[in-house]
>>> print(open('coords31.csv').read())   # CSV, C-alpha atoms and all ligand atoms
chain,number,residue,atom,x,y,z
A,1,MET,CA,26.3,16.2,2.0
A,2,SER,CA,25.3,19.0,4.5
A,3,ASP,CA,27.7,19.9,7.2
A,4,THR,CA,25.4,19.6,10.3
A,5,ILE,CA,23.9,16.3,11.1
A,6,GLU,CA,20.6,16.4,12.9
A,7,ARG,CA,19.9,13.9,15.7
A,8,ILE,CA,16.3,12.9,16.4
A,9,LYS,CA,14.4,10.4,18.5
A,10,CYS,CA,12.0,9.1,15.9
A,11,LEU,CA,12.0,9.3,12.2
A,12,ILE,CA,9.0,8.2,10.2
A,13,ILE,CA,9.4,7.4,6.5
A,14,GLY,CA,6.2,7.7,4.5
A,15,SER,CA,3.0,9.8,4.9
A,16,GLY,CA,0.2,7.3,4.3
A,17,PRO,CA,-2.3,6.2,7.0
A,18,ALA,CA,0.4,4.1,8.6
A,19,GLY,CA,2.9,6.9,8.8
A,20,TYR,CA,0.5,9.5,10.1
A,21,THR,CA,-1.0,7.2,12.7
A,22,ALA,CA,2.5,6.4,13.9
A,23,ALA,CA,3.2,10.1,14.0
A,24,ILE,CA,0.1,10.8,16.1
A,25,TYR,CA,1.1,8.2,18.7
A,26,ALA,CA,4.8,9.1,18.6
A,27,ALA,CA,4.1,12.8,19.0
A,28,ARG,CA,1.7,12.3,21.9
A,29,ALA,CA,4.4,10.1,23.6
A,30,ASP,CA,6.8,13.1,23.2
A,31,LEU,CA,9.1,11.3,20.8
A,32,LYS,CA,9.2,14.5,18.7
A,33,PRO,CA,8.8,12.6,15.4
A,34,VAL,CA,10.0,13.9,12.1
A,35,MET,CA,8.3,12.6,9.0
A,36,TYR,CA,9.5,12.6,5.4
A,37,THR,CA,6.6,12.4,3.0
A,38,GLY,CA,8.2,10.8,0.0
A,39,LEU,CA,7.0,11.6,-3.5
A,40,GLU,CA,3.4,10.9,-2.8
A,41,PRO,CA,2.4,13.0,0.3
A,42,GLY,CA,-0.6,11.4,1.8
A,43,GLY,CA,0.1,8.0,0.2
A,44,GLN,CA,-2.2,5.8,-2.0
A,45,LEU,CA,-5.5,7.3,-0.7
A,46,THR,CA,-4.7,10.5,-2.5
A,47,THR,CA,-5.3,8.6,-5.7
A,48,THR,CA,-8.9,7.7,-4.9
A,49,THR,CA,-12.0,9.8,-4.6
A,50,GLU,CA,-14.3,8.0,-2.2
A,51,VAL,CA,-13.2,6.2,1.0
A,52,ASP,CA,-16.3,4.6,2.5
A,53,ASN,CA,-14.9,2.0,4.8
A,54,PHE,CA,-12.7,3.9,7.2
A,55,PRO,CA,-14.4,3.9,10.6
A,56,GLY,CA,-15.6,7.3,11.8
A,57,TYR,CA,-16.8,8.7,8.5
A,58,PRO,CA,-20.5,7.8,8.3
A,59,ASP,CA,-20.9,9.7,5.0
A,60,GLY,CA,-17.6,8.6,3.6
A,61,ILE,CA,-14.8,11.0,2.7
A,62,ASP,CA,-12.6,11.6,-0.3
A,63,GLY,CA,-9.1,10.2,0.0
A,64,PRO,CA,-7.1,13.5,-0.3
A,65,THR,CA,-9.3,15.2,2.4
A,66,MET,CA,-8.9,12.3,4.8
A,67,MET,CA,-5.1,12.5,4.4
A,68,VAL,CA,-5.0,16.3,5.0
A,69,GLN,CA,-7.0,15.7,8.2
A,70,LEU,CA,-4.6,13.0,9.3
A,71,GLN,CA,-1.7,15.3,8.7
A,72,GLN,CA,-3.3,18.1,10.7
A,73,GLN,CA,-4.0,15.6,13.5
A,74,ALA,CA,-0.3,14.5,13.5
A,75,GLU,CA,0.9,18.1,13.4
A,76,ARG,CA,-1.4,19.2,16.2
A,77,PHE,CA,0.7,17.1,18.6
A,78,GLY,CA,4.0,18.4,17.2
A,79,THR,CA,5.0,16.1,14.3
A,80,GLU,CA,7.3,17.8,11.9
A,81,VAL,CA,6.2,16.9,8.4
A,82,ARG,CA,8.9,17.5,5.8
A,83,ILE,CA,8.8,17.0,2.0
A,84,GLY,CA,11.6,14.7,1.1
A,85,MET,CA,12.5,11.3,-0.1
A,86,VAL,CA,14.7,9.0,1.9
A,87,THR,CA,17.4,7.8,-0.6
A,88,ALA,CA,19.7,5.7,1.6
A,89,VAL,CA,19.8,4.1,5.0
A,90,ASP,CA,22.5,2.7,7.2
A,91,PHE,CA,20.8,0.9,10.1
A,92,SER,CA,22.8,0.0,13.2
A,93,ASP,CA,22.9,-3.6,14.5
A,94,GLU,CA,23.4,-2.5,18.1
A,95,VAL,CA,20.6,-2.0,20.6
A,96,GLY,CA,20.6,1.7,21.3
A,97,GLY,CA,22.6,2.3,18.2
A,98,ILE,CA,22.1,5.3,15.9
A,99,HIS,CA,20.5,4.8,12.5
A,100,LYS,CA,21.8,7.0,9.7
A,101,VAL,CA,19.4,8.1,7.0
A,102,THR,CA,20.0,10.2,3.9
A,103,VAL,CA,17.3,12.4,2.5
A,104,ASP,CA,17.2,13.6,-1.1
A,105,ASN,CA,20.8,12.3,-1.6
A,106,LYS,CA,22.1,15.2,0.6
A,107,THR,CA,20.6,15.7,4.1
A,108,GLN,CA,22.0,13.4,6.7
A,109,ILE,CA,19.8,12.5,9.7
A,110,GLU,CA,20.7,10.4,12.7
A,111,ALA,CA,17.7,8.7,14.4
A,112,GLU,CA,17.4,6.6,17.6
A,113,THR,CA,14.3,4.9,16.1
A,114,VAL,CA,13.0,4.6,12.6
A,115,ILE,CA,9.4,3.7,11.6
A,116,ILE,CA,9.2,2.6,8.0
A,117,SER,CA,5.7,3.2,6.3
A,118,THR,CA,6.7,3.4,2.7
A,119,GLY,CA,3.7,1.4,1.4
A,120,ALA,CA,3.4,-0.8,-1.6
A,121,THR,CA,2.6,0.5,-5.1
A,122,ALA,CA,-0.1,-1.2,-7.1
A,123,LYS,CA,1.0,-2.2,-10.6
A,124,TYR,CA,-1.0,-1.1,-13.6
A,125,LEU,CA,-1.0,-2.2,-17.2
A,126,GLY,CA,0.3,1.2,-18.3
A,127,ILE,CA,-1.9,1.7,-21.4
A,128,PRO,CA,-3.1,5.3,-21.9
A,129,SER,CA,-6.8,4.6,-21.6
A,130,GLU,CA,-6.3,2.7,-18.3
A,131,GLN,CA,-4.3,5.6,-16.9
A,132,ARG,CA,-6.8,8.2,-18.1
A,133,LEU,CA,-9.7,6.4,-16.4
A,134,ARG,CA,-8.0,5.7,-13.0
A,135,GLY,CA,-10.5,6.9,-10.5
A,136,GLY,CA,-13.2,6.9,-13.2
A,137,GLY,CA,-13.9,3.2,-13.0
A,138,VAL,CA,-10.4,1.8,-13.2
A,139,SER,CA,-9.2,0.7,-9.8
A,140,ALA,CA,-6.4,-1.5,-8.3
A,141,CYS,CA,-8.4,-2.4,-5.2
A,142,ALA,CA,-11.6,-4.5,-5.4
A,143,VAL,CA,-12.1,-4.6,-1.7
A,144,CYS,CA,-12.0,-0.8,-1.6
A,145,ASP,CA,-14.0,0.0,-4.6
A,146,GLY,CA,-16.1,-3.1,-5.5
A,147,PHE,CA,-19.1,-1.8,-3.6
A,148,PHE,CA,-19.5,1.1,-6.0
A,149,TYR,CA,-20.3,-1.4,-8.7
A,150,LYS,CA,-23.0,-3.3,-6.9
A,151,GLY,CA,-25.3,-5.0,-9.4
A,152,GLN,CA,-23.2,-3.9,-12.4
A,153,GLU,CA,-20.9,-5.7,-14.8
A,154,VAL,CA,-17.2,-5.4,-14.3
A,155,ALA,CA,-13.9,-7.0,-15.4
A,156,ILE,CA,-10.8,-7.9,-13.6
A,157,VAL,CA,-7.2,-8.4,-15.0
A,158,GLY,CA,-4.9,-10.9,-13.3
A,159,ALA,CA,-4.2,-14.6,-12.8
A,160,GLY,CA,-2.7,-14.9,-9.3
A,161,ASP,CA,-4.2,-15.7,-5.9
A,162,THR,CA,-5.1,-12.0,-5.2
A,163,ALA,CA,-6.8,-11.7,-8.6
A,164,ALA,CA,-8.8,-14.9,-8.0
A,165,GLU,CA,-9.7,-13.7,-4.5
A,166,GLU,CA,-10.8,-10.3,-5.7
A,167,ALA,CA,-12.7,-11.8,-8.7
A,168,THR,CA,-14.8,-14.0,-6.4
A,169,TYR,CA,-15.2,-11.0,-4.0
A,170,LEU,CA,-16.6,-8.9,-6.9
A,171,ALA,CA,-18.8,-11.7,-8.1
A,172,ASN,CA,-20.6,-11.6,-4.8
A,173,ILE,CA,-21.4,-7.9,-5.3
A,174,CYS,CA,-21.7,-7.5,-9.1
A,175,ASN,CA,-24.0,-9.0,-11.7
A,176,LYS,CA,-21.2,-10.3,-13.8
A,177,VAL,CA,-17.4,-10.4,-13.7
A,178,THR,CA,-15.2,-11.1,-16.6
A,179,MET,CA,-11.7,-12.2,-15.6
A,180,LEU,CA,-8.9,-11.6,-18.2
A,181,VAL,CA,-6.0,-14.1,-17.9
A,182,ARG,CA,-3.0,-13.4,-20.2
A,183,LYS,CA,-1.8,-17.0,-20.4
A,184,ASP,CA,-3.7,-20.2,-21.0
A,185,TYR,CA,-3.6,-21.0,-17.3
A,186,MET,CA,-4.0,-19.3,-14.0
A,187,LYS,CA,-1.2,-18.8,-11.5
A,188,ALA,CA,-3.6,-19.0,-8.6
A,189,SER,CA,-3.5,-22.0,-6.3
A,190,LYS,CA,-5.7,-25.0,-7.2
A,191,ALA,CA,-8.1,-24.1,-4.3
A,192,MET,CA,-8.5,-20.6,-5.6
A,193,GLN,CA,-9.0,-21.8,-9.2
A,194,HIS,CA,-11.7,-24.1,-8.0
A,195,ARG,CA,-13.5,-21.2,-6.3
A,196,VAL,CA,-13.3,-19.2,-9.5
A,197,ASN,CA,-14.6,-22.0,-11.6
A,198,ALA,CA,-17.4,-22.7,-9.2
A,199,THR,CA,-18.6,-19.1,-9.3
A,200,LYS,CA,-21.5,-18.9,-11.8
A,201,ASN,CA,-21.4,-15.2,-12.7
A,202,LEU,CA,-17.6,-15.2,-13.1
A,203,GLU,CA,-16.3,-15.9,-16.6
A,204,VAL,CA,-12.6,-16.5,-17.2
A,205,ARG,CA,-11.2,-15.5,-20.6
A,206,TYR,CA,-7.8,-17.2,-21.1
A,207,ASN,CA,-5.1,-15.8,-23.6
A,208,THR,CA,-6.9,-12.5,-23.3
A,209,GLU,CA,-5.5,-9.0,-22.7
A,210,VAL,CA,-6.9,-5.5,-22.5
A,211,ASP,CA,-6.7,-3.7,-25.8
A,212,GLU,CA,-8.4,-0.5,-24.7
A,213,VAL,CA,-10.6,0.7,-21.9
A,214,LEU,CA,-13.6,2.5,-23.4
A,215,GLY,CA,-15.2,5.6,-22.1
A,216,ASP,CA,-14.6,9.3,-22.0
A,217,MET,CA,-14.8,10.4,-18.4
A,218,VAL,CA,-15.9,7.0,-16.9
A,219,VAL,CA,-15.5,3.4,-17.9
A,220,GLU,CA,-18.2,2.3,-20.3
A,221,GLY,CA,-16.7,-0.8,-21.8
A,222,LEU,CA,-13.6,-2.8,-22.6
A,223,ARG,CA,-12.0,-4.0,-25.8
A,224,MET,CA,-10.3,-7.3,-25.2
A,225,VAL,CA,-7.9,-9.0,-27.6
A,226,ASN,CA,-7.1,-12.7,-27.8
A,227,ASN,CA,-3.3,-12.8,-27.9
A,228,GLN,CA,-3.3,-16.1,-29.9
A,229,THR,CA,-5.7,-15.2,-32.6
A,230,GLY,CA,-5.6,-11.4,-32.6
A,231,GLU,CA,-9.4,-11.4,-32.4
A,232,LYS,CA,-10.9,-8.4,-30.6
A,233,GLU,CA,-14.1,-8.2,-28.7
A,234,GLU,CA,-15.9,-5.4,-26.9
A,235,ILE,CA,-18.0,-5.8,-23.7
A,236,ALA,CA,-20.0,-3.2,-21.8
A,237,ILE,CA,-18.6,-2.8,-18.2
A,238,THR,CA,-18.6,0.1,-15.7
A,239,GLY,CA,-15.6,-1.0,-13.7
A,240,LEU,CA,-12.2,-2.4,-14.5
A,241,PHE,CA,-10.1,-3.9,-11.6
A,242,ILE,CA,-6.4,-4.4,-12.1
A,243,ALA,CA,-5.0,-7.2,-9.9
A,244,ILE,CA,-1.6,-7.9,-11.3
A,245,GLY,CA,0.3,-7.3,-8.1
A,246,HIS,CA,1.9,-4.7,-5.9
A,247,LYS,CA,5.5,-3.6,-5.5
A,248,PRO,CA,6.5,-2.9,-1.9
A,249,ASN,CA,8.6,0.3,-1.7
A,250,THR,CA,11.6,-1.4,-0.1
A,251,ASP,CA,14.5,-1.0,-2.6
A,252,ILE,CA,16.5,1.2,-0.3
A,253,PHE,CA,16.3,-1.3,2.5
A,254,LYS,CA,17.7,-4.2,0.5
A,255,GLY,CA,20.7,-5.9,2.2
A,256,GLN,CA,19.8,-4.4,5.6
A,257,LEU,CA,16.3,-5.6,6.5
A,258,ASP,CA,14.8,-9.0,6.2
A,259,MET,CA,12.3,-9.3,3.3
A,260,ASP,CA,10.2,-12.0,1.8
A,261,ASP,CA,10.8,-13.1,-1.8
A,262,THR,CA,8.6,-10.4,-3.1
A,263,GLY,CA,10.2,-7.6,-1.2
A,264,TYR,CA,7.8,-7.1,1.7
A,265,LEU,CA,9.5,-6.3,5.0
A,266,ILE,CA,9.3,-9.1,7.6
A,267,THR,CA,8.3,-8.2,11.1
A,268,LYS,CA,8.6,-10.3,14.2
A,269,GLY,CA,5.6,-12.1,15.5
A,270,LYS,CA,2.8,-9.8,16.3
A,271,SER,CA,5.1,-6.8,16.6
A,272,THR,CA,6.3,-4.3,14.1
A,273,LYS,CA,10.0,-5.0,14.9
A,274,THR,CA,12.3,-5.7,12.0
A,275,ASN,CA,15.7,-7.5,12.3
A,276,LYS,CA,17.4,-4.2,13.3
A,277,PRO,CA,16.9,-3.0,16.8
A,278,GLY,CA,15.0,0.3,16.9
A,279,VAL,CA,13.7,-0.1,13.3
A,280,PHE,CA,10.0,-0.8,12.9
A,281,ALA,CA,7.8,-1.4,9.9
A,282,SER,CA,4.1,-0.6,9.5
A,283,GLY,CA,1.4,-0.5,6.9
A,284,ASP,CA,1.3,-2.1,3.4
A,285,VAL,CA,5.1,-2.3,3.3
A,286,GLN,CA,4.9,-5.2,5.7
A,287,ASP,CA,1.4,-6.5,4.8
A,288,LYS,CA,0.6,-8.2,1.6
A,289,GLU,CA,-2.5,-9.8,3.1
A,290,TYR,CA,-4.9,-7.0,4.0
A,291,ARG,CA,-3.6,-3.8,2.4
A,292,GLN,CA,-6.3,-1.5,3.8
A,293,ALA,CA,-6.1,2.0,5.3
A,294,VAL,CA,-7.5,0.9,8.6
A,295,THR,CA,-5.0,-2.0,8.9
A,296,ALA,CA,-2.2,0.3,7.9
A,297,ALA,CA,-3.2,2.8,10.6
A,298,GLY,CA,-3.5,0.0,13.2
A,299,THR,CA,0.1,-1.1,12.5
A,300,GLY,CA,1.2,2.5,12.5
A,301,CYS,CA,-0.1,2.8,16.1
A,302,MET,CA,1.7,-0.5,17.0
A,303,ALA,CA,5.0,0.8,15.5
A,304,ALA,CA,4.9,4.0,17.6
A,305,LEU,CA,4.2,2.0,20.7
A,306,ASP,CA,7.0,-0.4,19.9
A,307,ALA,CA,9.4,2.5,19.3
A,308,GLU,CA,8.4,4.2,22.6
A,309,ARG,CA,8.9,1.0,24.5
A,310,TYR,CA,12.2,0.3,22.8
A,311,LEU,CA,13.5,3.8,23.7
A,312,ALA,CA,12.3,3.5,27.3
A,313,ALA,CA,14.1,0.2,27.7
A,314,VAL,CA,17.3,1.5,26.1
A,315,GLU,CA,17.2,4.6,28.4
A,316,SER,CA,16.7,2.6,31.5
A,317,LYS,CA,19.3,0.0,30.3
A,318,GLU,CA,16.8,-2.8,30.5
A,319,GLU,CA,17.3,-5.8,28.4
A,320,VAL,CA,15.7,-5.1,25.0
A,321,GLU,CA,13.7,-8.0,23.7
A,322,ALA,CA,14.8,-9.0,20.2
A,401,LIG,C1,-7.1,3.3,-5.9
A,401,LIG,C2,-7.0,2.8,-4.5
A,401,LIG,C3,-8.1,3.0,-3.7
A,401,LIG,C4,-8.1,2.6,-2.4
A,401,LIG,N1,-9.2,2.7,-1.6
A,401,LIG,C5,-9.2,2.3,-0.3
A,401,LIG,C6,-10.4,2.4,0.5
A,401,LIG,O1,-11.4,2.9,0.1
A,401,LIG,N2,-10.3,2.0,1.8
A,401,LIG,C7,-9.1,1.5,2.3
A,401,LIG,O2,-9.1,1.1,3.5
A,401,LIG,N3,-8.0,1.3,1.6
A,401,LIG,C8,-8.0,1.7,0.3
A,401,LIG,N4,-6.9,1.6,-0.5
A,401,LIG,C9,-5.7,0.9,0.1
A,401,LIG,C10,-5.0,2.0,1.0
A,401,LIG,O3,-4.8,3.1,0.2
A,401,LIG,C11,-3.7,1.4,1.5
A,401,LIG,O4,-3.9,0.2,2.2
A,401,LIG,C12,-3.0,2.4,2.4
A,401,LIG,O5,-2.8,3.7,1.8
A,401,LIG,C13,-1.6,1.9,2.9
A,401,LIG,O6,-1.1,2.8,3.8
A,401,LIG,P1,0.4,2.9,4.0
A,401,LIG,O7,0.6,4.1,5.0
A,401,LIG,O8,1.0,1.6,4.4
A,401,LIG,O9,1.1,3.3,2.7
A,401,LIG,P2,0.8,4.3,1.5
A,401,LIG,O10,-0.5,4.9,1.6
A,401,LIG,O11,1.2,3.6,0.2
A,401,LIG,O12,1.9,5.5,1.7
A,401,LIG,C14,3.2,5.3,1.5
A,401,LIG,C15,4.0,6.6,1.7
A,401,LIG,O13,5.4,6.3,1.7
A,401,LIG,C16,6.0,7.3,1.0
A,401,LIG,N5,7.3,6.8,0.6
A,401,LIG,C17,7.6,5.8,-0.2
A,401,LIG,N6,8.9,5.6,-0.4
A,401,LIG,C18,9.5,6.6,0.4
A,401,LIG,C19,10.8,7.1,0.6
A,401,LIG,N7,11.9,6.4,0.1
A,401,LIG,N8,11.0,8.1,1.4
A,401,LIG,C20,10.0,8.8,2.0
A,401,LIG,N9,8.7,8.4,1.8
A,401,LIG,C21,8.5,7.4,1.0
A,401,LIG,C22,5.0,7.7,-0.1
A,401,LIG,O14,5.3,9.0,-0.6
A,401,LIG,C23,3.7,7.6,0.7
A,401,LIG,O15,3.5,8.8,1.4
A,401,LIG,C24,-6.9,2.0,-1.8
A,401,LIG,C25,-5.8,1.8,-2.6
A,401,LIG,C26,-5.8,2.3,-3.9
A,401,LIG,C27,-4.6,2.1,-4.8
>>> encode(input="coords31.csv", output="structure tokens")
Amino acid sequence: MSDTIERIKCLIIGSGPAGYTAAIYAARADLKPVMYTGLEPGGQLTTTTEVDNFPGYPDGIDGPTMMVQLQQQAERFGTEVRIGMVTAVDFSDEVGGIHKVTVDNKTQIEAETVIISTGATAKYLGIPSEQRLRGGGVSACAVCDGFFYKGQEVAIVGAGDTAAEEATYLANICNKVTMLVRKDYMKASKAMQHRVNATKNLEVRYNTEVDEVLGDMVVEGLRMVNNQTGEKEEIAITGLFIAIGHKPNTDIFKGQLDMDDTGYLITKGKSTKTNKPGVFASGDVQDKEYRQAVTAAGTGCMAALDAERYLAAVESKEEVEA
């Protein structure tokens, strides 16, 4: 541990759209925010090429450039962006209490407010051809990337509600969608299964897994394997969507913050307040429903406003709403 302990007003954990938006608002409100970027500076959008649906970019923008611009905007108002991973937290239960945060297992920070924007990581299958073609036709976000495959043939892997939802979304845009389900049944709700089965250009293959994604630089096809018979089959596709779930990055908050059964942080009502006073959550880490850059940015703004109001109330010794 280092000897000197730094005390700050507002600590932001995570550097995706939620974290940077929180930083812009917090800095402009003179909270002098300090941000730790984590292992993926810029967040999930740095793993994608084209972002076409973020308002204000009529020609689209590539993800890494957009995140550099967000960083510059946050820094322009005085945000201090630091490379580092928050490795432990000790949040106070008291209104006006000080939250203790450890960075990289050594640096100790004390913060009056904390905004958590640590995101959620999309799960992938992990096979080499899938990893190689990420960004070249393999995507974990149908709503984000489906449009690029308009009128084409694609496949989607997954069996839950999100996979079913994304499969029908893709079927609206693409000529044909093949859905690979590992078991002989779908985990999705009956209503979602009904929607899948009623979609004419959506074919479900049960007991079927990805053997290999085909293509050199971009996806050109898929070799599927029936896990009961071992039979392999190749189909021509241009896009492969992986919809097997996300893991919210909340391990370090376990035992301190309320989470749902899949680890997403629970916030109160329409606010970004967690169960600890002065600790707020924004972005995908508290949203398994929408998971978009613009919604993450929106809640980042909310978290900074919530933090500012909390500090003002603490300072003027007003009663702080739980
Ligand atoms: C391939 C792909 C393409 C996408 N395309 C689009 C698109 O076109 N349009 C769109 O709107 N959305 C798109 N999305 C979704 C979008 O990227 C997310 O909704 C958005 O990035 C969520 O923002 P966030 O700030 O909540 O978290 P993230 O972007 O996930 O950022 C999380 C941040 O937290 C940091 N972090 C995690 N743990 C720690 C820790 N312990 N200490 C410090 N920092 C930590 C990480 O390093 C990272 O900086 C796409 C997603 C993917 C995977």
>>> closest_residue(input="coords31.csv", among="A:Gly230, A:Gly78, A:Gly96, A:Gly63", to="Tyr25 in chain A", atoms="only C-alpha atoms")
A:Gly78
>>> residues_around(input="coords31.csv", residues="range 176-192 of chain A", least_positions_apart="5", cutoff="9 Å", atoms="all atoms listed in the file", output="PyMOL selection string")
chain A and resi 151-165+167-168+170-171+197+200-210+224+226-227+237
>>> write_last_selection(input="coords31.csv", atoms="C-alpha atoms", output="PDB file, keeping the file's coordinate frame")
ATOM      1  CA  GLY A 151     -25.300  -5.000  -9.400  1.00  0.00           C
ATOM      2  CA  GLN A 152     -23.200  -3.900 -12.400  1.00  0.00           C
ATOM      3  CA  GLU A 153     -20.900  -5.700 -14.800  1.00  0.00           C
ATOM      4  CA  VAL A 154     -17.200  -5.400 -14.300  1.00  0.00           C
ATOM      5  CA  ALA A 155     -13.900  -7.000 -15.400  1.00  0.00           C
ATOM      6  CA  ILE A 156     -10.800  -7.900 -13.600  1.00  0.00           C
ATOM      7  CA  VAL A 157      -7.200  -8.400 -15.000  1.00  0.00           C
ATOM      8  CA  GLY A 158      -4.900 -10.900 -13.300  1.00  0.00           C
ATOM      9  CA  ALA A 159      -4.200 -14.600 -12.800  1.00  0.00           C
ATOM     10  CA  GLY A 160      -2.700 -14.900  -9.300  1.00  0.00           C
ATOM     11  CA  ASP A 161      -4.200 -15.700  -5.900  1.00  0.00           C
ATOM     12  CA  THR A 162      -5.100 -12.000  -5.200  1.00  0.00           C
ATOM     13  CA  ALA A 163      -6.800 -11.700  -8.600  1.00  0.00           C
ATOM     14  CA  ALA A 164      -8.800 -14.900  -8.000  1.00  0.00           C
ATOM     15  CA  GLU A 165      -9.700 -13.700  -4.500  1.00  0.00           C
ATOM     16  CA  ALA A 167     -12.700 -11.800  -8.700  1.00  0.00           C
ATOM     17  CA  THR A 168     -14.800 -14.000  -6.400  1.00  0.00           C
ATOM     18  CA  LEU A 170     -16.600  -8.900  -6.900  1.00  0.00           C
ATOM     19  CA  ALA A 171     -18.800 -11.700  -8.100  1.00  0.00           C
ATOM     20  CA  ASN A 197     -14.600 -22.000 -11.600  1.00  0.00           C
ATOM     21  CA  LYS A 200     -21.500 -18.900 -11.800  1.00  0.00           C
ATOM     22  CA  ASN A 201     -21.400 -15.200 -12.700  1.00  0.00           C
ATOM     23  CA  LEU A 202     -17.600 -15.200 -13.100  1.00  0.00           C
ATOM     24  CA  GLU A 203     -16.300 -15.900 -16.600  1.00  0.00           C
ATOM     25  CA  VAL A 204     -12.600 -16.500 -17.200  1.00  0.00           C
ATOM     26  CA  ARG A 205     -11.200 -15.500 -20.600  1.00  0.00           C
ATOM     27  CA  TYR A 206      -7.800 -17.200 -21.100  1.00  0.00           C
ATOM     28  CA  ASN A 207      -5.100 -15.800 -23.600  1.00  0.00           C
ATOM     29  CA  THR A 208      -6.900 -12.500 -23.300  1.00  0.00           C
ATOM     30  CA  GLU A 209      -5.500  -9.000 -22.700  1.00  0.00           C
ATOM     31  CA  VAL A 210      -6.900  -5.500 -22.500  1.00  0.00           C
ATOM     32  CA  MET A 224     -10.300  -7.300 -25.200  1.00  0.00           C
ATOM     33  CA  ASN A 226      -7.100 -12.700 -27.800  1.00  0.00           C
ATOM     34  CA  ASN A 227      -3.300 -12.800 -27.900  1.00  0.00           C
ATOM     35  CA  ILE A 237     -18.600  -2.800 -18.200  1.00  0.00           C
TER      36      ILE A 237
END
>>> closest_atom_pairs(input="coords31.csv", of="chain A", to="ligand LIG 401 (chain A)", cutoff="6 Å", atoms="only C-alpha atoms and all ligand atoms", output="tab-separated table")
residue	atom	partner	partner_atom	distance
A:Ile13	CA	A:LIG401	C20	4.8
A:Gly14	CA	A:LIG401	O13	3.2
A:Ser15	CA	A:LIG401	O15	3.7
A:Gly16	CA	A:LIG401	O7	3.3
A:Pro17	CA	A:LIG401	O7	4.1
A:Ala18	CA	A:LIG401	O7	3.6
A:Gly19	CA	A:LIG401	O7	5.3
A:Tyr36	CA	A:LIG401	C20	5.1
A:Thr37	CA	A:LIG401	N9	4.7
A:Gly38	CA	A:LIG401	N9	3.0
A:Leu39	CA	A:LIG401	O14	4.2
A:Glu40	CA	A:LIG401	O14	3.5
A:Pro41	CA	A:LIG401	O15	4.5
A:Gly42	CA	A:LIG401	O15	4.9
A:Gly43	CA	A:LIG401	O12	3.4
A:Gln44	CA	A:LIG401	O10	4.1
A:Leu45	CA	A:LIG401	O3	4.4
A:Thr47	CA	A:LIG401	C1	5.6
A:Thr48	CA	A:LIG401	C1	4.9
A:Val51	CA	A:LIG401	O1	3.9
A:Asp52	CA	A:LIG401	O1	5.7
A:Asn53	CA	A:LIG401	N2	5.5
A:Phe54	CA	A:LIG401	O2	5.9
A:Met85	CA	A:LIG401	N8	3.8
A:Val86	CA	A:LIG401	N8	3.8
A:Thr87	CA	A:LIG401	N7	5.7
A:Ser117	CA	A:LIG401	O8	5.3
A:Thr118	CA	A:LIG401	O13	3.3
A:Gly119	CA	A:LIG401	O9	3.5
A:Ala120	CA	A:LIG401	O11	5.2
A:Ser139	CA	A:LIG401	C1	5.1
A:Ala140	CA	A:LIG401	C27	5.3
A:Cys141	CA	A:LIG401	C2	5.4
A:Cys144	CA	A:LIG401	O1	4.1
A:Asn249	CA	A:LIG401	N6	5.5
A:Gly283	CA	A:LIG401	O8	3.3
A:Asp284	CA	A:LIG401	O8	3.8
A:Val285	CA	A:LIG401	O8	5.8
A:Arg291	CA	A:LIG401	O4	4.0
A:Gln292	CA	A:LIG401	O4	3.3
A:Ala293	CA	A:LIG401	O2	3.6
A:Val294	CA	A:LIG401	O2	5.3
A:Ala296	CA	A:LIG401	O8	4.9
>>> closest_residue(input="coords31.csv", among="A:Pro64, A:Pro128, A:Pro33, A:Gly137", to="Thr79 in chain A", atoms="all atoms listed in the file")
A:Pro33
>>> closest_residue(input="coords31.csv", among="A:Lys273, A:Leu222, A:Thr107, A:Tyr149", to="Arg309 in chain A", atoms="all atoms listed in the file")
A:Lys273
>>> decode(input="coords31.csv", residues="range 126-131 of chain A", atoms="N, CA, C and O atoms", output="CSV table (one decimal), in the first residue's frame")
chain,number,residue,atom,x,y,z
A,126,GLY,N,-15.2,-18.7,-28.0
A,126,GLY,CA,-13.7,-18.9,-27.6
A,126,GLY,C,-13.0,-19.7,-28.7
A,126,GLY,O,-11.8,-20.0,-28.5
A,127,ILE,N,-13.6,-20.1,-29.8
A,127,ILE,CA,-12.9,-20.9,-30.8
A,127,ILE,C,-12.0,-20.0,-31.6
A,127,ILE,O,-12.4,-18.8,-31.9
A,128,PRO,N,-10.8,-20.4,-32.1
A,128,PRO,CA,-9.9,-19.5,-32.7
A,128,PRO,C,-10.5,-18.8,-34.0
A,128,PRO,O,-10.3,-17.6,-34.1
A,129,SER,N,-11.3,-19.5,-34.8
A,129,SER,CA,-11.8,-18.8,-36.0
A,129,SER,C,-12.8,-17.7,-35.7
A,129,SER,O,-12.8,-16.7,-36.3
A,130,GLU,N,-13.5,-17.9,-34.6
A,130,GLU,CA,-14.5,-16.9,-34.1
A,130,GLU,C,-13.7,-15.7,-33.7
A,130,GLU,O,-14.0,-14.5,-34.0
A,131,GLN,N,-12.6,-15.9,-32.9
A,131,GLN,CA,-11.9,-14.8,-32.3
A,131,GLN,C,-11.2,-14.0,-33.4
A,131,GLN,O,-11.1,-12.8,-33.4
